[in-house]
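Asks: Contents of query_32.pdb (PDB, C-alpha atoms) are below:
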MODEL        1
ATOM      1  CA  MET T  16      27.656  13.076  22.835
ATOM      2  CA  GLN T  17      27.889  10.225  25.346
ATOM      3  CA  THR T  18      24.998   7.720  25.544
ATOM      4  CA  ILE T  19      24.148   6.452  29.027
ATOM      5  CA  GLY T  20      22.034   3.431  29.981
ATOM      6  CA  ILE T  21      20.283   3.835  33.343
ATOM      7  CA  SER T  22      18.478   1.209  35.441
ATOM      8  CA  LEU T  23      15.346   2.301  37.253
ATOM      9  CA  VAL T  24      15.168  -0.768  39.471
ATOM     10  CA  GLU T  25      11.806  -0.993  41.207
ATOM     11  CA  HIS T  26      11.136  -3.442  44.024
ATOM     12  CA  GLN T  27       8.153  -3.269  46.390
ATOM     13  CA  ASN T  28       7.477   0.381  45.496
ATOM     14  CA  CYS T  29      11.117   1.361  46.183
ATOM     15  CA  PHE T  30      13.868   2.395  43.770
ATOM     16  CA  LEU T  31      17.580   1.688  43.866
ATOM     17  CA  VAL T  32      19.478   4.948  44.535
ATOM     18  CA  GLY T  33      23.104   5.805  45.305
ATOM     19  CA  ILE T  34      25.142   8.956  45.899
ATOM     20  CA  ARG T  35      27.854   9.955  43.430
ATOM     21  CA  PRO T  36      31.251   9.798  45.169
ATOM     22  CA  GLU T  37      33.592  12.726  45.742
ATOM     23  CA  GLY T  38      36.027  13.288  42.917
ATOM     24  CA  THR T  39      33.505  12.318  40.211
ATOM     25  CA  VAL T  40      31.367  14.437  37.917
ATOM     26  CA  LEU T  41      28.206  15.553  39.782
ATOM     27  CA  ALA T  42      29.669  14.382  43.114
ATOM     28  CA  GLY T  43      27.175  14.370  45.977
ATOM     29  CA  PHE T  44      24.118  14.046  43.747
ATOM     30  CA  ALA T  45      21.784  11.064  43.977
ATOM     31  CA  GLU T  46      21.805   8.692  41.028
ATOM     32  CA  PHE T  47      20.220   5.581  39.632
ATOM     33  CA  PRO T  48      22.633   2.806  38.562
ATOM     34  CA  GLY T  49      23.956   3.387  35.059
ATOM     35  CA  GLY T  50      26.867   4.316  32.902
ATOM     36  CA  LYS T  51      28.381   4.777  29.484
ATOM     37  CA  GLN T  52      27.257   2.600  26.613
ATOM     38  CA  LEU T  53      30.024   0.388  25.233
ATOM     39  CA  LEU T  54      29.204  -0.319  21.603
ATOM     40  CA  PRO T  55      27.930  -2.600  20.207
ATOM     41  CA  GLU T  56      25.780  -3.144  23.334
ATOM     42  CA  SER T  57      22.276  -1.690  23.489
ATOM     43  CA  THR T  58      21.433   0.801  26.218
ATOM     44  CA  ALA T  59      19.318  -1.920  27.856
ATOM     45  CA  GLU T  60      22.443  -4.099  28.018
ATOM     46  CA  THR T  61      24.395  -1.115  29.356
ATOM     47  CA  ALA T  62      21.831  -0.561  32.109
ATOM     48  CA  VAL T  63      21.980  -4.247  33.134
ATOM     49  CA  ARG T  64      25.800  -4.385  33.048
ATOM     50  CA  GLU T  65      26.266  -1.150  34.973
ATOM     51  CA  CYS T  66      23.702  -2.139  37.601
ATOM     52  CA  LEU T  67      25.545  -5.403  38.261
ATOM     53  CA  GLU T  68      28.967  -3.675  38.347
ATOM     54  CA  GLU T  69      27.831  -0.861  40.641
ATOM     55  CA  THR T  70      25.341  -2.547  42.959
ATOM     56  CA  GLY T  71      25.989  -6.284  42.724
ATOM     57  CA  LEU T  72      22.357  -6.862  41.709
ATOM     58  CA  GLN T  73      21.255  -8.678  38.562
ATOM     59  CA  VAL T  74      18.328  -7.027  36.846
ATOM     60  CA  GLU T  75      16.196  -7.564  33.785
ATOM     61  CA  PRO T  76      15.118  -4.644  31.574
ATOM     62  CA  LEU T  77      11.361  -4.398  31.087
ATOM     63  CA  ARG T  78      10.989  -1.340  28.864
ATOM     64  CA  LEU T  79      12.463   2.017  27.946
ATOM     65  CA  LEU T  80      10.597   4.596  30.025
ATOM     66  CA  HIS T  81      12.204   7.826  28.933
ATOM     67  CA  GLN T  82      15.004   9.271  26.850
ATOM     68  CA  GLU T  83      16.540  12.618  27.767
ATOM     69  CA  GLN T  84      19.164  14.644  25.940
ATOM     70  CA  PHE T  85      20.859  17.070  28.309
ATOM     71  CA  VAL T  86      23.761  19.494  28.172
ATOM     72  CA  TYR T  87      25.893  19.856  31.306
ATOM     73  CA  ASP T  88      28.951  22.080  31.686
ATOM     74  CA  HIS T  89      31.096  18.938  31.345
ATOM     75  CA  GLY T  90      29.373  17.701  28.165
ATOM     76  CA  GLU T  91      26.259  16.518  26.387
ATOM     77  CA  VAL T  92      24.589  13.220  27.293
ATOM     78  CA  LEU T  93      21.777  11.099  25.944
ATOM     79  CA  LEU T  94      20.150   9.251  28.855
ATOM     80  CA  ASP T  95      18.079   6.104  28.306
ATOM     81  CA  PHE T  96      16.083   5.286  31.452
ATOM     82  CA  TRP T  97      15.154   1.572  31.584
ATOM     83  CA  HIS T  98      12.526   0.223  33.953
ATOM     84  CA  CYS T  99      14.106  -2.899  35.437
ATOM     85  CA  LYS T 100      13.222  -5.615  37.893
ATOM     86  CA  LEU T 101      15.370  -7.981  39.899
ATOM     87  CA  VAL T 102      15.944 -11.317  38.191
ATOM     88  CA  ASP T 103      14.266 -14.319  39.770
ATOM     89  CA  ASN T 104      16.023 -15.523  42.933
ATOM     90  CA  GLN T 105      17.986 -12.238  43.279
ATOM     91  CA  SER T 106      17.838 -11.049  46.886
ATOM     92  CA  PRO T 107      17.129  -7.307  47.151
ATOM     93  CA  ASP T 108      19.334  -7.235  50.258
ATOM     94  CA  SER T 109      22.568  -8.264  48.526
ATOM     95  CA  LEU T 110      23.389  -4.800  47.228
ATOM     96  CA  GLN T 111      26.710  -3.008  47.640
ATOM     97  CA  SER T 112      27.241   0.283  49.467
ATOM     98  CA  PRO T 113      26.402   3.144  48.875
ATOM     99  CA  TRP T 114      23.253   1.839  47.188
ATOM    100  CA  LYS T 115      19.957   1.656  49.037
ATOM    101  CA  TRP T 116      16.262   1.178  48.404
ATOM    102  CA  VAL T 117      14.380   4.486  48.521
ATOM    103  CA  PRO T 118      10.568   4.446  48.753
ATOM    104  CA  ARG T 119       8.839   6.224  45.872
ATOM    105  CA  GLU T 120       7.408   8.871  48.232
ATOM    106  CA  GLU T 121      10.918   9.704  49.537
ATOM    107  CA  LEU T 122      12.498  10.336  46.116
ATOM    108  CA  ASN T 123      11.616  14.032  46.571
ATOM    109  CA  SER T 124      14.133  14.208  49.433
ATOM    110  CA  CYS T 125      16.976  13.025  47.169
ATOM    111  CA  SER T 126      19.006  15.599  45.248
ATOM    112  CA  PHE T 127      19.249  14.290  41.667
ATOM    113  CA  PRO T 128      20.954  16.117  38.765
ATOM    114  CA  PRO T 129      18.603  18.217  36.603
ATOM    115  CA  ALA T 130      18.656  15.707  33.711
ATOM    116  CA  ASN T 131      16.572  13.398  35.937
ATOM    117  CA  ASP T 132      13.688  15.862  36.453
ATOM    118  CA  ALA T 133      11.333  14.443  33.803
ATOM    119  CA  ILE T 134      11.755  10.786  34.793
ATOM    120  CA  LEU T 135      11.404  11.651  38.484
ATOM    121  CA  GLU T 136       8.133  13.406  37.750
ATOM    122  CA  GLN T 137       6.950  10.337  35.823
ATOM    123  CA  ILE T 138       7.866   8.079  38.755
ATOM    124  CA  ARG T 139       6.329  10.354  41.405
ATOM    125  CA  THR T 140       3.005  10.753  39.616
ATOM    126  CA  SER T 141       2.432   7.059  38.941
ATOM    127  CA  THR T 142       1.665   4.197  41.282
ATOM    128  CA  SER T 143       4.057   2.047  39.272
ATOM    129  CA  VAL T 144       6.244   2.741  36.283
ATOM    130  CA  ASP T 145       4.998  -0.510  34.704
TER     131      ASP T 145
ENDMDL
END
Here is a file; write its structure as structure tokens.
Replies:
Amino acid sequence: MQTIGISLVEHQNCFLVGIRPEGTVLAGFAEFPGGKQLLPESTAETAVRECLEETGLQVEPLRLLHQEQFVYDHGEVLLDFWHCKLVDNQSPDSLQSPWKWVPREELNSCSFPPANDAILEQIRTSTSVD
């Protein structure tokens, strides 16, 4: 089973969302920044590293919001969803394509993989994930 650290980066009631590129697993689906844990790092460290690599933004993990074990056709994953914020002095506008800020109320219009259902419900039904 592969362990994945995911950054739920919240800024001014928006979340950082990208679209998985063609030629990758789950291509075309929306995603939060994240990736495979490289031991001995923690999943919080994974979430921070992957966010910087994928988006160009430096974030700070605040707390683990949710953990989801899910079986896809391509394999089993353990997803750790970390609520993150931008580090001080990090401009929210310096992100790399295809990443964008999506308002909380527009997350419903994004097509995420099924393993994200529980965390999306948690985000949608709260005014803040803090």
Asks: Name the residues captured by the PyMOL selection byres ((chain T and resi 114) around 8) when it is applied to the shown file; answer as a list in words.
Replies: Leu31, Val32, Gly33, Ile34, Thr70, Leu110, Gln111, Ser112, Pro113, Lys115 and Trp116 of chain T
Asks: Nearest residue to Asn131 of chain T out of T:Thr39, T:Thr18, T:Gln82, T:Ser109, using all atoms listed in the file?
Replies: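 Nearest to Asn131 of chain T: T:Gln82.
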Asks: Applying the PyMOL selection byres ((chain T and resi 84) around 7) to the file I just gave you, which residues come out? Please list them as a PyMOL selection string.
Replies: chain T and resi 82-83+85+92-94
Asks: Write out as an mmCIF file with C-alpha atoms, in the coordinates of the input which residues come within 10 Å of segment 21-28 of chain T when counting only C-alpha atoms, dropping same-chain ones fewer than 2 positions away.
Replies:
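result.cif, written as the output of this step:
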data_model
loop_
_atom_site.group_PDB
_atom_site.id
_atom_site.type_symbol
_atom_site.label_atom_id
_atom_site.label_comp_id
_atom_site.auth_asym_id
_atom_site.auth_seq_id
_atom_site.Cartn_x
_atom_site.Cartn_y
_atom_site.Cartn_z
ATOM 1 C CA THR T 18 24.998 7.720 25.544
ATOM 2 C CA ILE T 19 24.148 6.452 29.027
ATOM 3 C CA PHE T 30 13.868 2.395 43.770
ATOM 4 C CA LEU T 31 17.580 1.688 43.866
ATOM 5 C CA VAL T 32 19.478 4.948 44.535
ATOM 6 C CA GLU T 46 21.805 8.692 41.028
ATOM 7 C CA PHE T 47 20.220 5.581 39.632
ATOM 8 C CA PRO T 48 22.633 2.806 38.562
ATOM 9 C CA GLY T 49 23.956 3.387 35.059
ATOM 10 C CA GLY T 50 26.867 4.316 32.902
ATOM 11 C CA LYS T 51 28.381 4.777 29.484
ATOM 12 C CA GLN T 52 27.257 2.600 26.613
ATOM 13 C CA THR T 58 21.433 0.801 26.218
ATOM 14 C CA ALA T 59 19.318 -1.920 27.856
ATOM 15 C CA GLU T 60 22.443 -4.099 28.018
ATOM 16 C CA THR T 61 24.395 -1.115 29.356
ATOM 17 C CA ALA T 62 21.831 -0.561 32.109
ATOM 18 C CA VAL T 63 21.980 -4.247 33.134
ATOM 19 C CA ARG T 64 25.800 -4.385 33.048
ATOM 20 C CA GLU T 65 26.266 -1.150 34.973
ATOM 21 C CA CYS T 66 23.702 -2.139 37.601
ATOM 22 C CA LEU T 72 22.357 -6.862 41.709
ATOM 23 C CA VAL T 74 18.328 -7.027 36.846
ATOM 24 C CA GLU T 75 16.196 -7.564 33.785
ATOM 25 C CA PRO T 76 15.118 -4.644 31.574
ATOM 26 C CA LEU T 77 11.361 -4.398 31.087
ATOM 27 C CA LEU T 79 12.463 2.017 27.946
ATOM 28 C CA LEU T 80 10.597 4.596 30.025
ATOM 29 C CA GLN T 82 15.004 9.271 26.850
ATOM 30 C CA LEU T 94 20.150 9.251 28.855
ATOM 31 C CA ASP T 95 18.079 6.104 28.306
ATOM 32 C CA PHE T 96 16.083 5.286 31.452
ATOM 33 C CA TRP T 97 15.154 1.572 31.584
ATOM 34 C CA HIS T 98 12.526 0.223 33.953
ATOM 35 C CA CYS T 99 14.106 -2.899 35.437
ATOM 36 C CA LYS T 100 13.222 -5.615 37.893
ATOM 37 C CA LEU T 101 15.370 -7.981 39.899
ATOM 38 C CA PRO T 107 17.129 -7.307 47.151
ATOM 39 C CA TRP T 116 16.262 1.178 48.404
ATOM 40 C CA VAL T 117 14.380 4.486 48.521
ATOM 41 C CA PRO T 118 10.568 4.446 48.753
ATOM 42 C CA ARG T 119 8.839 6.224 45.872
ATOM 43 C CA GLU T 120 7.408 8.871 48.232
ATOM 44 C CA ILE T 134 11.755 10.786 34.793
ATOM 45 C CA ILE T 138 7.866 8.079 38.755
ATOM 46 C CA THR T 142 1.665 4.197 41.282
ATOM 47 C CA SER T 143 4.057 2.047 39.272
ATOM 48 C CA VAL T 144 6.244 2.741 36.283
ATOM 49 C CA ASP T 145 4.998 -0.510 34.704
#
Asks: Please enumerate the residues selected by the PyMOL selection byres ((chain T and resi 128) around 12) when evaluated against the supplied file, formatted as a PyMOL selection string.
Replies: chain T and resi 34-35+40-47+85-87+125-127+129-135
Asks: Could you save those same residues with C-alpha atoms as a JSON list (two decimals), in the coordinates of the input?
Replies:
[["chain", "number", "residue", "atom", "x", "y", "z"],
["T", 34, "ILE", "CA", 25.14, 8.96, 45.90],
["T", 35, "ARG", "CA", 27.85, 9.96, 43.43],
["T", 40, "VAL", "CA", 31.37, 14.44, 37.92],
["T", 41, "LEU", "CA", 28.21, 15.55, 39.78],
["T", 42, "ALA", "CA", 29.67, 14.38, 43.11],
["T", 43, "GLY", "CA", 27.18, 14.37, 45.98],
["T", 44, "PHE", "CA", 24.12, 14.05, 43.75],
["T", 45, "ALA", "CA", 21.78, 11.06, 43.98],
["T", 46, "GLU", "CA", 21.80, 8.69, 41.03],
["T", 47, "PHE", "CA", 20.22, 5.58, 39.63],
["T", 85, "PHE", "CA", 20.86, 17.07, 28.31],
["T", 86, "VAL", "CA", 23.76, 19.49, 28.17],
["T", 87, "TYR", "CA", 25.89, 19.86, 31.31],
["T", 125, "CYS", "CA", 16.98, 13.02, 47.17],
["T", 126, "SER", "CA", 19.01, 15.60, 45.25],
["T", 127, "PHE", "CA", 19.25, 14.29, 41.67],
["T", 129, "PRO", "CA", 18.60, 18.22, 36.60],
["T", 130, "ALA", "CA", 18.66, 15.71, 33.71],
["T", 131, "ASN", "CA", 16.57, 13.40, 35.94],
["T", 132, "ASP", "CA", 13.69, 15.86, 36.45],
["T", 133, "ALA", "CA", 11.33, 14.44, 33.80],
["T", 134, "ILE", "CA", 11.76, 10.79, 34.79],
["T", 135, "LEU", "CA", 11.40, 11.65, 38.48]]
Asks: Grab the atom CA of Arg139 of chain T to atom CA of Asn123 of chain T distance for me, in Å with one decimal place.
Replies: 8.3 Å
